[in-house]
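Enquirer: work_15.txt (compact mmCIF, C-alpha atoms) pasted underneath:
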```txt
# COMPACT_ATOMS: atom_id res chain seq x y z
CA MET A 182 -16.05 -1.79 62.43
CA ASN A 183 -13.60 0.92 61.42
CA ILE A 184 -10.70 0.62 59.04
CA ASP A 185 -8.43 3.62 58.68
CA GLY A 186 -8.62 5.68 55.51
CA ILE A 187 -5.85 5.49 52.96
CA THR A 188 -3.56 8.35 52.03
CA ASN A 189 -2.02 6.73 48.98
CA GLY A 190 -3.20 3.34 47.84
CA LEU A 191 -5.95 1.19 46.34
CA VAL A 192 -9.46 0.27 47.31
CA ILE A 193 -10.68 -2.81 45.49
CA ASP A 194 -14.44 -2.61 45.89
CA HIS A 195 -17.57 -4.52 44.91
CA ILE A 196 -15.93 -7.90 45.32
CA GLU A 197 -18.56 -10.63 45.46
CA ALA A 198 -18.91 -11.67 49.10
CA GLY A 199 -16.60 -14.61 49.79
CA LYS A 200 -14.19 -13.98 46.92
CA GLY A 201 -12.00 -11.49 48.79
CA MET A 202 -9.53 -14.07 50.05
CA GLU A 203 -9.17 -15.65 46.61
CA LEU A 204 -8.34 -12.24 45.21
CA TYR A 205 -5.96 -11.51 48.09
CA ASN A 206 -4.05 -14.69 47.26
CA ALA A 207 -4.18 -14.25 43.49
CA LEU A 208 -2.68 -10.76 43.75
CA HIS A 209 -0.05 -11.98 46.26
CA LEU A 210 -1.06 -9.26 48.71
CA GLY A 211 0.29 -11.34 51.57
CA GLU A 212 3.80 -10.61 50.30
CA LEU A 213 3.47 -6.82 50.70
CA GLU A 214 5.18 -4.90 53.50
CA SER A 215 2.47 -2.21 53.59
CA SER A 216 -0.88 -2.41 55.41
CA VAL A 217 -3.54 -4.47 53.70
CA ALA A 218 -7.12 -4.85 54.93
CA LEU A 219 -9.48 -7.53 53.71
CA ILE A 220 -12.97 -6.69 54.88
CA LYS A 221 -15.57 -9.40 54.45
CA ASN A 222 -19.36 -9.27 54.30
CA VAL A 223 -19.71 -5.50 54.17
CA THR A 224 -23.33 -4.39 53.79
CA SER A 225 -23.96 -3.09 50.27
CA HIS A 226 -27.10 -1.48 48.86
CA LYS A 227 -26.40 -2.89 45.41
CA MET A 228 -25.01 -6.32 46.27
CA GLY A 229 -26.48 -7.13 49.69
CA LYS A 230 -23.04 -8.17 50.92
CA LYS A 231 -19.62 -7.59 49.43
CA ASP A 232 -15.92 -7.85 50.23
CA ILE A 233 -13.48 -4.94 50.07
CA ILE A 234 -9.69 -4.90 49.99
CA LYS A 235 -7.72 -1.81 50.97
CA VAL A 236 -4.01 -1.58 50.20
CA ASP A 237 -1.90 1.20 51.68
CA GLU A 238 0.33 1.42 48.63
CA VAL A 239 -0.28 2.30 44.96
CA LEU A 240 0.24 -1.02 43.22
CA ASP A 241 0.20 -1.91 39.57
CA VAL A 242 -2.35 -4.72 39.98
CA ASP A 243 -3.01 -7.26 37.25
CA LEU A 244 -6.46 -6.23 36.07
CA ASP A 245 -6.78 -9.46 34.06
CA ILE A 246 -6.66 -11.47 37.28
CA LEU A 247 -9.30 -9.24 38.82
CA GLY A 248 -11.51 -9.41 35.74
CA PHE A 249 -11.21 -13.18 35.54
CA ILE A 250 -12.14 -13.70 39.20
CA ASP A 251 -14.96 -11.15 39.17
CA PRO A 252 -15.54 -8.62 36.35
CA ASN A 253 -17.87 -6.50 38.54
CA ILE A 254 -15.01 -5.35 40.77
CA THR A 255 -13.99 -1.69 40.79
CA VAL A 256 -10.51 -0.43 41.59
CA ASN A 257 -10.20 3.02 43.19
CA ILE A 258 -6.83 4.71 43.21
CA ILE A 259 -6.31 7.06 46.16
CA MET A 260 -3.68 9.82 46.16
CA ASN A 261 -3.38 12.35 49.01
CA ASN A 262 -6.65 11.11 50.52
CA GLU A 263 -8.53 11.76 47.27
CA ARG A 264 -9.88 9.23 44.78
CA VAL A 265 -8.05 10.09 41.56
CA ALA A 266 -9.24 7.22 39.41
CA LYS A 267 -11.94 4.55 39.37
CA LYS A 268 -11.30 1.61 37.08
CA HIS A 269 -14.05 -0.70 35.94
CA ILE A 270 -12.83 -4.16 35.14
CA GLU A 271 -13.67 -6.21 32.06
CA LEU A 272 -13.53 -9.89 31.39
CA PRO A 273 -10.04 -10.48 29.98
CA LYS A 274 -9.92 -12.01 26.50
CA MET A 275 -7.14 -14.33 27.62
CA VAL A 276 -5.61 -15.32 30.95
CA LYS A 277 -2.18 -16.82 31.44
CA ASN A 278 -1.09 -18.97 34.38
CA ILE A 279 -4.03 -17.98 36.60
CA ILE A 280 -5.73 -21.37 36.42
CA LYS A 281 -4.50 -24.74 35.23
CA CYS A 282 -6.04 -27.06 32.68
CA LYS A 283 -7.39 -30.14 34.42
CA ASN A 284 -7.81 -32.28 31.32
CA PRO A 285 -5.39 -35.21 31.77
CA ARG A 286 -5.23 -35.60 27.99
CA CYS A 287 -4.09 -31.99 27.46
CA ILE A 288 -0.50 -31.40 26.30
CA THR A 289 -0.01 -29.14 29.35
CA SER A 290 -0.40 -32.22 31.56
CA THR A 291 2.88 -33.68 30.32
CA GLU A 292 4.89 -30.64 29.22
CA GLN A 293 5.36 -28.79 32.48
CA GLU A 294 7.02 -25.66 31.06
CA LEU A 295 4.05 -24.70 28.87
CA PRO A 296 2.07 -21.69 30.11
CA HIS A 297 -1.54 -22.47 30.99
CA ILE A 298 -3.51 -20.15 28.73
CA PHE A 299 -7.29 -19.85 28.65
CA LYS A 300 -9.27 -17.80 26.15
CA LEU A 301 -12.70 -16.25 26.59
CA THR A 302 -15.08 -18.04 24.22
CA ASP A 303 -18.46 -16.88 25.53
CA PRO A 304 -18.56 -13.50 27.33
CA VAL A 305 -22.24 -13.91 28.27
CA LYS A 306 -21.74 -17.24 30.02
CA ARG A 307 -18.19 -16.24 31.07
CA THR A 308 -16.83 -19.39 29.46
CA TYR A 309 -13.08 -19.82 29.21
CA ARG A 310 -11.49 -22.65 27.29
CA CYS A 311 -7.95 -24.01 27.35
CA LEU A 312 -6.03 -22.65 24.37
CA TYR A 313 -4.55 -26.09 23.66
CA CYS A 314 -7.29 -28.67 24.23
CA GLU A 315 -10.37 -26.37 24.40
CA THR A 316 -11.56 -27.93 27.65
CA GLU A 317 -13.88 -25.55 29.48
CA ALA A 318 -12.49 -24.02 32.67
CA GLU A 319 -14.55 -24.54 35.80
CA LYS A 320 -16.99 -21.69 36.36
CA ARG A 321 -15.87 -19.39 39.14
CA MET B 88 2.38 -18.82 8.99
CA LYS B 89 -0.47 -20.95 7.81
CA ASN B 90 -1.38 -24.15 9.65
CA LEU B 91 -4.31 -26.53 9.78
CA LEU B 92 -5.00 -27.41 13.40
CA SER B 93 -8.80 -27.59 13.40
CA ILE B 94 -11.47 -27.63 10.69
CA THR B 95 -12.67 -24.33 12.19
CA ASP B 96 -9.40 -22.73 11.00
CA LEU B 97 -10.84 -22.88 7.48
CA THR B 98 -13.54 -20.67 6.03
CA THR B 99 -16.21 -22.33 3.91
CA ALA B 100 -14.64 -20.71 0.83
CA GLU B 101 -11.26 -22.22 1.73
CA ILE B 102 -12.85 -25.66 2.19
CA ASP B 103 -14.57 -25.33 -1.19
CA ASP B 104 -11.25 -24.31 -2.81
CA LEU B 105 -9.48 -27.33 -1.33
CA ILE B 106 -12.21 -29.67 -2.58
CA GLU B 107 -12.08 -28.10 -6.02
CA LYS B 108 -8.29 -28.45 -6.12
CA ALA B 109 -8.51 -32.10 -4.97
CA GLN B 110 -11.03 -32.85 -7.72
CA ASP B 111 -8.70 -31.26 -10.27
CA ILE B 112 -5.86 -33.44 -8.96
CA ILE B 113 -8.09 -36.52 -9.37
CA LYS B 114 -8.80 -35.52 -12.98
CA HIS B 115 -5.30 -34.40 -13.94
CA PRO B 116 -2.76 -36.16 -11.68
CA ALA B 117 0.08 -35.69 -14.17
CA ASP B 118 -0.18 -31.92 -13.84
CA TYR B 119 0.79 -32.19 -10.17
CA ARG B 120 3.62 -34.73 -10.33
CA GLU B 121 6.39 -32.19 -9.83
CA LYS B 122 4.62 -29.43 -7.94
CA CYS B 123 6.55 -30.14 -4.74
CA LYS B 124 9.89 -31.10 -6.27
CA TYR B 125 12.71 -30.47 -3.74
CA LYS B 126 10.17 -29.96 -0.93
CA LYS B 127 10.19 -32.15 2.16
CA LEU B 128 7.29 -33.28 4.33
CA ALA B 129 8.07 -34.53 7.84
CA THR B 130 5.52 -36.94 9.29
CA LEU B 131 5.91 -36.83 13.07
CA PHE B 132 3.69 -39.58 14.41
CA PHE B 133 3.96 -39.91 18.18
CA GLU B 134 1.41 -42.71 18.03
CA PRO B 135 0.75 -45.36 15.40
CA SER B 136 -1.51 -44.92 12.39
CA THR B 137 -1.92 -46.72 9.08
CA ARG B 138 -4.07 -44.61 6.84
CA THR B 139 -3.29 -41.12 7.96
CA ARG B 140 0.51 -41.35 7.90
CA LEU B 141 0.70 -43.31 4.67
CA SER B 142 -1.80 -41.02 2.96
CA PHE B 143 0.26 -37.98 3.89
CA GLU B 144 3.40 -39.66 2.60
CA ALA B 145 1.70 -40.86 -0.59
CA ALA B 146 0.30 -37.35 -1.10
CA MET B 147 3.75 -35.75 -0.89
CA ILE B 148 5.33 -38.44 -3.11
CA ASP B 149 2.62 -37.92 -5.74
CA LEU B 150 3.42 -34.21 -5.68
CA GLY B 151 7.08 -34.98 -6.44
CA GLY B 152 8.28 -34.16 -2.93
CA ARG B 153 10.13 -36.25 -0.38
CA VAL B 154 9.14 -37.51 3.04
CA MET B 155 10.89 -38.21 6.31
CA GLY B 156 9.84 -38.72 9.89
CA PHE B 157 9.00 -41.28 12.52
CA SER B 158 5.98 -43.44 13.17
CA GLU B 159 6.10 -43.85 16.95
CA ALA B 160 7.30 -41.75 19.86
CA GLN B 161 9.85 -44.42 20.84
CA ALA B 162 11.67 -43.82 17.56
CA SER B 163 12.15 -40.11 18.32
CA SER B 164 13.88 -37.97 20.92
CA ALA B 165 10.51 -37.77 22.70
CA ALA B 166 11.63 -41.09 24.21
CA LYS B 167 14.51 -39.17 25.84
CA GLY B 168 12.10 -36.59 27.19
CA GLU B 169 12.42 -33.91 24.51
CA SER B 170 9.52 -31.48 24.44
CA VAL B 171 7.15 -31.14 21.48
CA ALA B 172 8.38 -27.56 21.07
CA ASP B 173 12.03 -28.59 20.77
CA THR B 174 11.31 -31.54 18.50
CA CYS B 175 9.31 -29.34 16.13
CA ARG B 176 11.81 -26.48 16.22
CA THR B 177 14.46 -29.01 15.19
CA VAL B 178 12.40 -30.64 12.45
CA GLY B 179 11.41 -27.18 11.18
CA CYS B 180 15.10 -26.69 10.35
CA TYR B 181 14.96 -29.63 7.90
CA ALA B 182 11.41 -29.87 6.55
CA ASP B 183 9.20 -27.48 4.60
CA ILE B 184 5.97 -28.74 6.18
CA ILE B 185 5.07 -31.04 9.06
CA ALA B 186 2.17 -33.43 9.57
CA MET B 187 1.90 -34.41 13.19
CA ARG B 188 -0.10 -36.92 15.22
CA HIS B 189 0.18 -36.84 18.98
CA PRO B 190 -1.83 -38.50 21.75
CA LYS B 191 -2.03 -35.27 23.75
CA GLU B 192 -4.66 -32.69 22.87
CA GLY B 193 -3.21 -29.37 21.72
CA ALA B 194 0.26 -30.74 20.88
CA PRO B 195 -0.01 -29.54 17.23
CA LEU B 196 -0.79 -26.03 18.46
CA VAL B 197 2.40 -26.09 20.52
CA ALA B 198 4.23 -27.33 17.42
CA SER B 199 2.81 -24.47 15.34
CA MET B 200 4.16 -21.95 17.83
CA HIS B 201 7.73 -23.20 17.43
CA ALA B 202 8.30 -25.01 14.13
CA GLY B 203 8.55 -22.03 11.78
CA VAL B 204 6.98 -24.14 8.99
CA PRO B 205 3.31 -25.05 8.43
CA ILE B 206 1.87 -27.67 10.78
CA ILE B 207 -0.93 -30.02 9.82
CA ASN B 208 -2.73 -31.67 12.70
CA ALA B 209 -2.98 -35.35 11.77
CA GLY B 210 -4.95 -36.12 14.95
CA ASP B 211 -4.39 -34.99 18.54
CA GLY B 212 -6.02 -37.50 20.85
CA GLY B 213 -9.79 -37.16 20.90
CA HIS B 214 -9.57 -33.47 20.04
CA ASN B 215 -9.21 -32.67 16.32
CA HIS B 216 -8.53 -34.53 13.10
CA PRO B 217 -9.25 -31.96 10.41
CA THR B 218 -7.87 -33.89 7.43
CA GLN B 219 -10.34 -36.70 8.17
CA THR B 220 -13.15 -34.15 7.96
CA LEU B 221 -11.77 -32.76 4.69
CA THR B 222 -11.59 -36.34 3.39
CA ASP B 223 -15.24 -36.87 4.33
CA LEU B 224 -16.31 -33.65 2.63
CA LEU B 225 -14.44 -34.49 -0.57
CA THR B 226 -16.04 -37.94 -0.56
CA ILE B 227 -19.53 -36.50 -0.14
CA LYS B 228 -18.84 -34.02 -2.97
CA CYS B 229 -17.51 -36.76 -5.27
CA GLU B 230 -20.35 -39.16 -4.46
CA LYS B 231 -23.22 -36.67 -4.55
CA GLY B 232 -21.89 -33.88 -6.73
CA ARG B 233 -22.90 -31.39 -4.05
CA LEU B 234 -22.51 -30.52 -0.37
CA THR B 235 -26.03 -29.09 0.00
CA ASN B 236 -29.56 -30.44 0.37
CA MET B 237 -29.17 -33.91 1.78
CA THR B 238 -30.01 -36.07 4.77
CA ILE B 239 -26.99 -37.46 6.58
CA GLY B 240 -27.38 -40.37 8.97
CA LEU B 241 -24.67 -40.65 11.60
CA CYS B 242 -24.67 -44.06 13.23
CA GLY B 243 -22.91 -45.62 16.20
CA ASP B 244 -20.84 -43.85 18.81
CA LEU B 245 -21.89 -40.23 18.50
CA LYS B 246 -20.75 -39.34 21.99
CA PHE B 247 -16.99 -39.83 21.79
CA GLY B 248 -16.47 -39.84 18.02
CA ARG B 249 -14.45 -36.74 17.12
CA THR B 250 -14.90 -37.38 13.39
CA VAL B 251 -18.66 -37.18 13.83
CA HIS B 252 -18.51 -33.89 15.75
CA SER B 253 -16.20 -32.29 13.18
CA LEU B 254 -18.30 -33.54 10.28
CA ILE B 255 -21.44 -32.05 11.84
CA GLU B 256 -19.59 -28.74 12.34
CA ALA B 257 -18.39 -28.70 8.74
CA MET B 258 -21.64 -29.82 7.06
CA SER B 259 -23.72 -27.41 9.14
CA ARG B 260 -22.20 -24.60 7.07
CA TYR B 261 -24.04 -25.77 3.95
CA ASP B 262 -27.68 -25.21 3.01
CA GLY B 263 -30.42 -27.81 3.27
CA ILE B 264 -28.55 -30.29 5.47
CA LYS B 265 -30.55 -32.53 7.78
CA PHE B 266 -29.05 -34.98 10.26
CA VAL B 267 -30.45 -38.24 11.59
CA LEU B 268 -28.53 -39.20 14.71
CA ILE B 269 -28.68 -42.96 15.18
CA SER B 270 -27.15 -44.30 18.38
CA PRO B 271 -27.85 -46.17 21.60
CA GLU B 272 -29.00 -43.93 24.46
CA GLU B 273 -25.60 -44.32 26.10
CA LEU B 274 -23.75 -42.91 23.10
CA LYS B 275 -25.98 -40.02 22.00
CA LEU B 276 -24.50 -36.84 20.58
CA PRO B 277 -23.39 -34.59 23.47
CA ASN B 278 -25.63 -31.63 24.27
CA TYR B 279 -22.89 -29.09 23.63
CA VAL B 280 -22.62 -30.20 19.99
CA LYS B 281 -26.41 -29.94 19.62
CA GLN B 282 -26.51 -26.50 21.21
CA GLU B 283 -23.34 -24.93 19.84
CA THR B 284 -23.59 -26.30 16.30
CA LEU B 285 -27.01 -27.70 15.37
CA ASP B 286 -29.33 -25.37 17.29
CA LYS B 287 -27.13 -22.31 16.71
CA ASN B 288 -27.27 -22.82 12.94
CA ASN B 289 -30.95 -23.88 12.91
CA ILE B 290 -30.09 -27.28 11.51
CA GLU B 291 -32.87 -29.83 11.38
CA TYR B 292 -32.06 -33.10 13.15
CA LYS B 293 -33.71 -36.03 14.82
CA GLU B 294 -32.45 -38.68 17.18
CA THR B 295 -33.30 -42.34 17.01
CA THR B 296 -32.00 -45.63 18.31
CA ASP B 297 -33.23 -47.54 15.26
CA LEU B 298 -31.00 -47.79 12.19
CA ILE B 299 -33.50 -49.78 10.09
CA SER B 300 -36.37 -47.30 10.41
CA ALA B 301 -34.05 -44.37 9.66
CA MET B 302 -32.61 -46.00 6.52
CA PRO B 303 -35.14 -45.01 3.76
CA GLU B 304 -34.62 -41.26 4.06
CA LEU B 305 -30.82 -41.22 4.11
CA ASP B 306 -28.59 -39.87 1.32
CA ILE B 307 -25.43 -40.52 3.33
CA LEU B 308 -24.94 -43.14 6.03
CA TYR B 309 -21.84 -42.43 8.10
CA MET B 310 -21.00 -45.44 10.25
CA THR B 311 -18.75 -45.39 13.30
CA ARG B 312 -17.54 -48.06 15.65
CA VAL B 313 -19.44 -48.90 18.84
CA GLN B 314 -16.65 -49.85 21.20
CA ARG B 315 -17.07 -52.32 24.00
CA GLU B 316 -15.20 -50.11 26.47
CA ARG B 317 -17.76 -47.30 26.06
CA PHE B 318 -20.44 -49.31 27.86
CA PHE B 319 -20.97 -49.50 31.57
CA ASN B 320 -21.68 -53.20 31.47
CA GLU B 321 -21.16 -56.15 29.18
CA GLU B 322 -24.89 -56.93 29.11
CA ASP B 323 -25.77 -53.60 27.48
CA TYR B 324 -22.95 -53.97 24.98
CA ILE B 325 -24.08 -57.43 23.92
CA ARG B 326 -27.70 -56.26 23.72
CA LEU B 327 -26.88 -53.28 21.52
CA LYS B 328 -23.86 -54.13 19.44
CA ASP B 329 -25.67 -55.95 16.64
CA SER B 330 -28.19 -53.13 16.17
CA TYR B 331 -25.41 -50.98 14.82
CA ILE B 332 -23.77 -53.47 12.50
CA LEU B 333 -24.54 -52.74 8.88
CA THR B 334 -25.51 -55.78 6.82
CA PRO B 335 -26.96 -56.19 3.29
CA GLU B 336 -30.36 -57.01 4.90
CA LYS B 337 -30.47 -53.69 6.73
CA LEU B 338 -29.84 -51.92 3.42
CA ALA B 339 -32.99 -53.39 1.86
CA THR B 340 -34.99 -50.18 2.26
CA ALA B 341 -32.12 -47.79 1.54
CA LYS B 342 -32.07 -45.39 -1.37
CA GLU B 343 -30.37 -46.62 -4.53
CA ASP B 344 -27.98 -43.70 -4.46
CA LEU B 345 -27.15 -43.92 -0.75
CA SER B 346 -23.44 -43.50 0.03
CA ILE B 347 -22.08 -45.52 2.94
CA MET B 348 -19.09 -43.96 4.64
CA HIS B 349 -16.82 -44.90 7.56
CA PRO B 350 -13.64 -43.23 8.79
CA LEU B 351 -12.01 -46.68 9.24
CA PRO B 352 -10.56 -48.77 10.75
CA ARG B 353 -13.69 -50.84 11.02
CA VAL B 354 -13.87 -53.83 13.27
CA ASN B 355 -17.22 -55.47 12.63
CA GLU B 356 -19.66 -52.57 12.32
CA ILE B 357 -19.91 -52.97 8.55
CA SER B 358 -20.24 -56.55 7.40
CA VAL B 359 -17.70 -57.42 4.68
CA ALA B 360 -20.70 -58.54 2.61
CA VAL B 361 -21.51 -54.83 2.17
CA ASP B 362 -18.10 -54.12 0.59
CA ASP B 363 -19.24 -55.16 -2.89
CA ASP B 364 -22.39 -53.03 -2.76
CA PRO B 365 -21.95 -50.12 -5.18
CA ARG B 366 -23.17 -47.81 -2.41
CA ALA B 367 -20.14 -48.63 -0.23
CA ALA B 368 -17.91 -45.55 -0.39
CA TYR B 369 -15.52 -46.18 2.49
CA PHE B 370 -12.59 -47.39 0.46
CA LYS B 371 -13.12 -44.54 -2.02
CA GLN B 372 -12.98 -42.35 1.08
CA VAL B 373 -9.48 -43.73 1.80
CA LYS B 374 -8.37 -42.82 -1.72
CA ASN B 375 -9.86 -39.35 -1.41
CA GLY B 376 -7.83 -38.87 1.77
CA LYS B 377 -4.68 -38.75 -0.31
CA PHE B 378 -6.07 -36.29 -2.85
CA ILE B 379 -7.37 -33.80 -0.29
CA ARG B 380 -4.03 -33.96 1.55
CA MET B 381 -2.27 -33.19 -1.75
CA ALA B 382 -4.50 -30.12 -2.13
CA LEU B 383 -3.81 -29.10 1.46
CA ILE B 384 -0.03 -29.44 1.17
CA LEU B 385 -0.11 -27.25 -1.96
CA LYS B 386 -2.23 -24.64 -0.21
CA LEU B 387 -0.04 -24.47 2.91
CA LEU B 388 3.12 -24.29 0.81
CA ASP B 389 1.55 -21.57 -1.36
CA ILE B 390 2.00 -23.59 -4.52
CA ALA B 391 -0.68 -22.98 -7.18
```
Could you show the structure in this file as structure tokens?
Expert:
Amino acid sequence: MNIDGITNGLVIDHIEAGKGMELYNALHLGELESSVALIKNVTSHKMGKKDIIKVDEVLDVDLDILGFIDPNITVNIIMNNERVAKKHIELPKMVKNIIKCKNPRCITSTEQELPHIFKLTDPVKRTYRCLYCETEAEKR
Amino acid sequence: MKNLLSITDLTTAEIDDLIEKAQDIIKHPADYREKCKYKKLATLFFEPSTRTRLSFEAAMIDLGGRVMGFSEAQASSAAKGESVADTCRTVGCYADIIAMRHPKEGAPLVASMHAGVPIINAGDGGHNHPTQTLTDLLTIKCEKGRLTNMTIGLCGDLKFGRTVHSLIEAMSRYDGIKFVLISPEELKLPNYVKQETLDKNNIEYKETTDLISAMPELDILYMTRVQRERFFNEEDYIRLKDSYILTPEKLATAKEDLSIMHPLPRVNEISVAVDDDPRAAYFKQVKNGKFIRMALILKLLDIA
């Protein structure tokens, strides 16, 4: 299967197989006018299978969202058919309005205008807890 | 801005300072009678409470300050749908410090982001109740003269009891502490508390379902309520409830200098016949609640 190369844009690589669509939605790539390719189940030496997203436009993507969904992702920035930068993602210390707290006793359940903020409490186990009630976020 | 939202906001040195200050207040109450003159405490209680609200108010009055507030959500603009943020921003315009109880977890954190004055969490649902923990620590210090080297029995509902979890977190900071966890199988201490607090700090503990056999080794017995609604069926509740009721007979093998504590309110888990036992410390605990809150108000208002 062939997908055209990119002149100026992004290649989001090393996405865990199956998480590509989640990332596509989280980054609102469906709202772009430019060409976007989501390639699933690409054979990878390192990962067995992986997903890749190619965007035909240099976007300022929210690296926190990427890091939260999958910190092993890499983001390649392509300019004039050349890779000019490769960004490795880290687990964000805090994420805002990416996921919602599901604890019915949390203050965010009744005060709708509050941002849903989760903080990283255990980088090894990738544990995030609600800033307000400390309920653990579901593992991704 | 300084706040007290969780016991983990305080370092061990800060806890020790608060206890020392509270003990000085107990010894020399007259020295503190005007420390908060012209200062105002707002008690914002979105759900009812007897001890906590009155102890905060008594604490501020004994420091020479004044108190205002409400004791149920229906008596505030929350009943009209006002947000916690707006209520606290408003009250922050009038008061120098706020003590807040709210049924929703994290509400005091929201308050601290908007009030512009120190916020004390006076209980947010099943989440945190740090002034109860400070009260417990002061009581242990007053009763034992130390916070180190002792065996603490925690009895009853160890699964849902927030006071128990916070007390374990706080006491695990001190040397030579051993816990005996006494509860029915259904209400055992959750694994995350064992892993994240006890195991992480290499604290010695054992679990048992039998209060009587645990009794002889205890220096502190911390009782909590076993609530009917925590059980899956009535049969189990009836079978187990009496095992965790403290009576004079069950104290027969206890140490002479045992201290019996309870966060109160009690329903029937400590027989009233135990009240006259010199080892009963739970009403002294109530009194200590006021003194530690006096120390805390002084600290958060930066008054020496």
Enquirer: Can you tell me, as a ChimeraX atom specification, what residues are no more than 6 Å from region 313-318 of chain A when counting all atoms listed in the file, ignoring any on the same chain fewer than 5 positions away?
Expert: /A:287 /B:192-193
Enquirer: Given a cut-off of 12 Å, which residues of chain A touch chain B, counting all atoms listed in the file, written out as a count of residues only?
Expert: 25
Enquirer: Need the shell around Thr174 (chain B): protein/DNA/RNA residues with any atom at most 9 Å away, counting only C-alpha atoms. Skip same-chain ones fewer than 4 positions apart. Format as a compact mmCIF listing (two decimals) with C-alpha atoms, in the coordinates of the input?
Expert:
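New file selection07.txt:
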```
# COMPACT_ATOMS: atom_id res chain seq x y z
CA SER B 163 12.15 -40.11 18.32
CA SER B 164 13.88 -37.97 20.92
CA ALA B 165 10.51 -37.77 22.70
CA GLU B 169 12.42 -33.91 24.51
CA SER B 170 9.52 -31.48 24.44
CA VAL B 178 12.40 -30.64 12.45
CA GLY B 179 11.41 -27.18 11.18
CA ALA B 198 4.23 -27.33 17.42
CA ALA B 202 8.30 -25.01 14.13
```
Enquirer: Within 8 Å of Asn257 (chain A), counting all atoms listed in the file, which residues qualify if same-chain residues fewer than 5 places away don't, as a list in words?
Expert: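 Close residues of Asn257 (chain A): Leu191, Val192, Ile193, Asp194, Arg264, Val265, Ala266, Lys267 and Lys268 of chain A.
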Enquirer: Hey, can you spit out that residue selection with C-alpha atoms as a PDB file, keeping the file's coordinate frame?
Expert:
```
ATOM      1  CA  LEU A 191      -5.950   1.190  46.340  1.00  0.00           C
ATOM      2  CA  VAL A 192      -9.460   0.270  47.310  1.00  0.00           C
ATOM      3  CA  ILE A 193     -10.680  -2.810  45.490  1.00  0.00           C
ATOM      4  CA  ASP A 194     -14.440  -2.610  45.890  1.00  0.00           C
ATOM      5  CA  ARG A 264      -9.880   9.230  44.780  1.00  0.00           C
ATOM      6  CA  VAL A 265      -8.050  10.090  41.560  1.00  0.00           C
ATOM      7  CA  ALA A 266      -9.240   7.220  39.410  1.00  0.00           C
ATOM      8  CA  LYS A 267     -11.940   4.550  39.370  1.00  0.00           C
ATOM      9  CA  LYS A 268     -11.300   1.610  37.080  1.00  0.00           C
TER      10      LYS A 268
END
```
Enquirer: Set the distance at 10 Å and use only C-alpha atoms: which residues neighbour region 224-232 of chain A once local chain neighbours fewer than 2 positions away are removed? I'd like the list as a VMD selection string.
Expert: chain A and resid 193 to 202 219 to 222 234 254
Enquirer: Tell me, as number ranges by chain, which residues lie within 9 Å of region 120-126 of chain B, counting all atoms listed in the file; anything in the same chain fewer than 5 positions away does not count.
Expert: B: 147-154, 182-184, 384-385, 388, 390-391
Enquirer: What is the CA of Arg138 (chain B)-CA of Lys275 (chain B) distance in Å, reported with one decimal?
Expert: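 Distance reported for this atom pair: 27.0 Å.
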Enquirer: In Å, rounded to a single decimal, give me how far CA of Asn189 (chain A) is from CA of Ile258 (chain A).
Expert: 7.8 Å
Enquirer: Restricting the calculation to only C-alpha atoms, which member of A:Glu319, A:Asn261, A:Val256, A:Ser216 is positioned closest to Ile280 (chain A)?
Expert: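 Between A:Glu319, A:Asn261, A:Val256, A:Ser216, the residue approaching Ile280 (chain A) most closely is A:Glu319.
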Enquirer: Between B:Val251, B:Ile325, B:Leu131, B:Leu225, which has the minimum distance to Ala186 (chain B) (counting only C-alpha atoms)?
Expert: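 Using only C-alpha atoms, Ala186 (chain B) sits closest to B:Leu131.
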Enquirer: What is the distance, in Å and to one decimal place, between CA of Leu254 (chain B) and CA of Thr99 (chain B)?
Expert: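 Spanning CA of Leu254 (chain B) to CA of Thr99 (chain B) is a straight-line distance of 13.1 Å.
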Enquirer: Taking into account all atoms listed in the file, which residue in the set B:Val361, B:Val313, B:Cys229, B:Leu308 is nearest to Leu245 (chain B)?
Expert: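 Checking each candidate against Leu245 (chain B), we get B:Val313 as the closest.
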Enquirer: Find, counting only C-alpha atoms, the residue in A:Val305, A:Leu210, A:Leu272, A:Val239 that gets nearest to Ile259 (chain A).
Expert: A:Val239
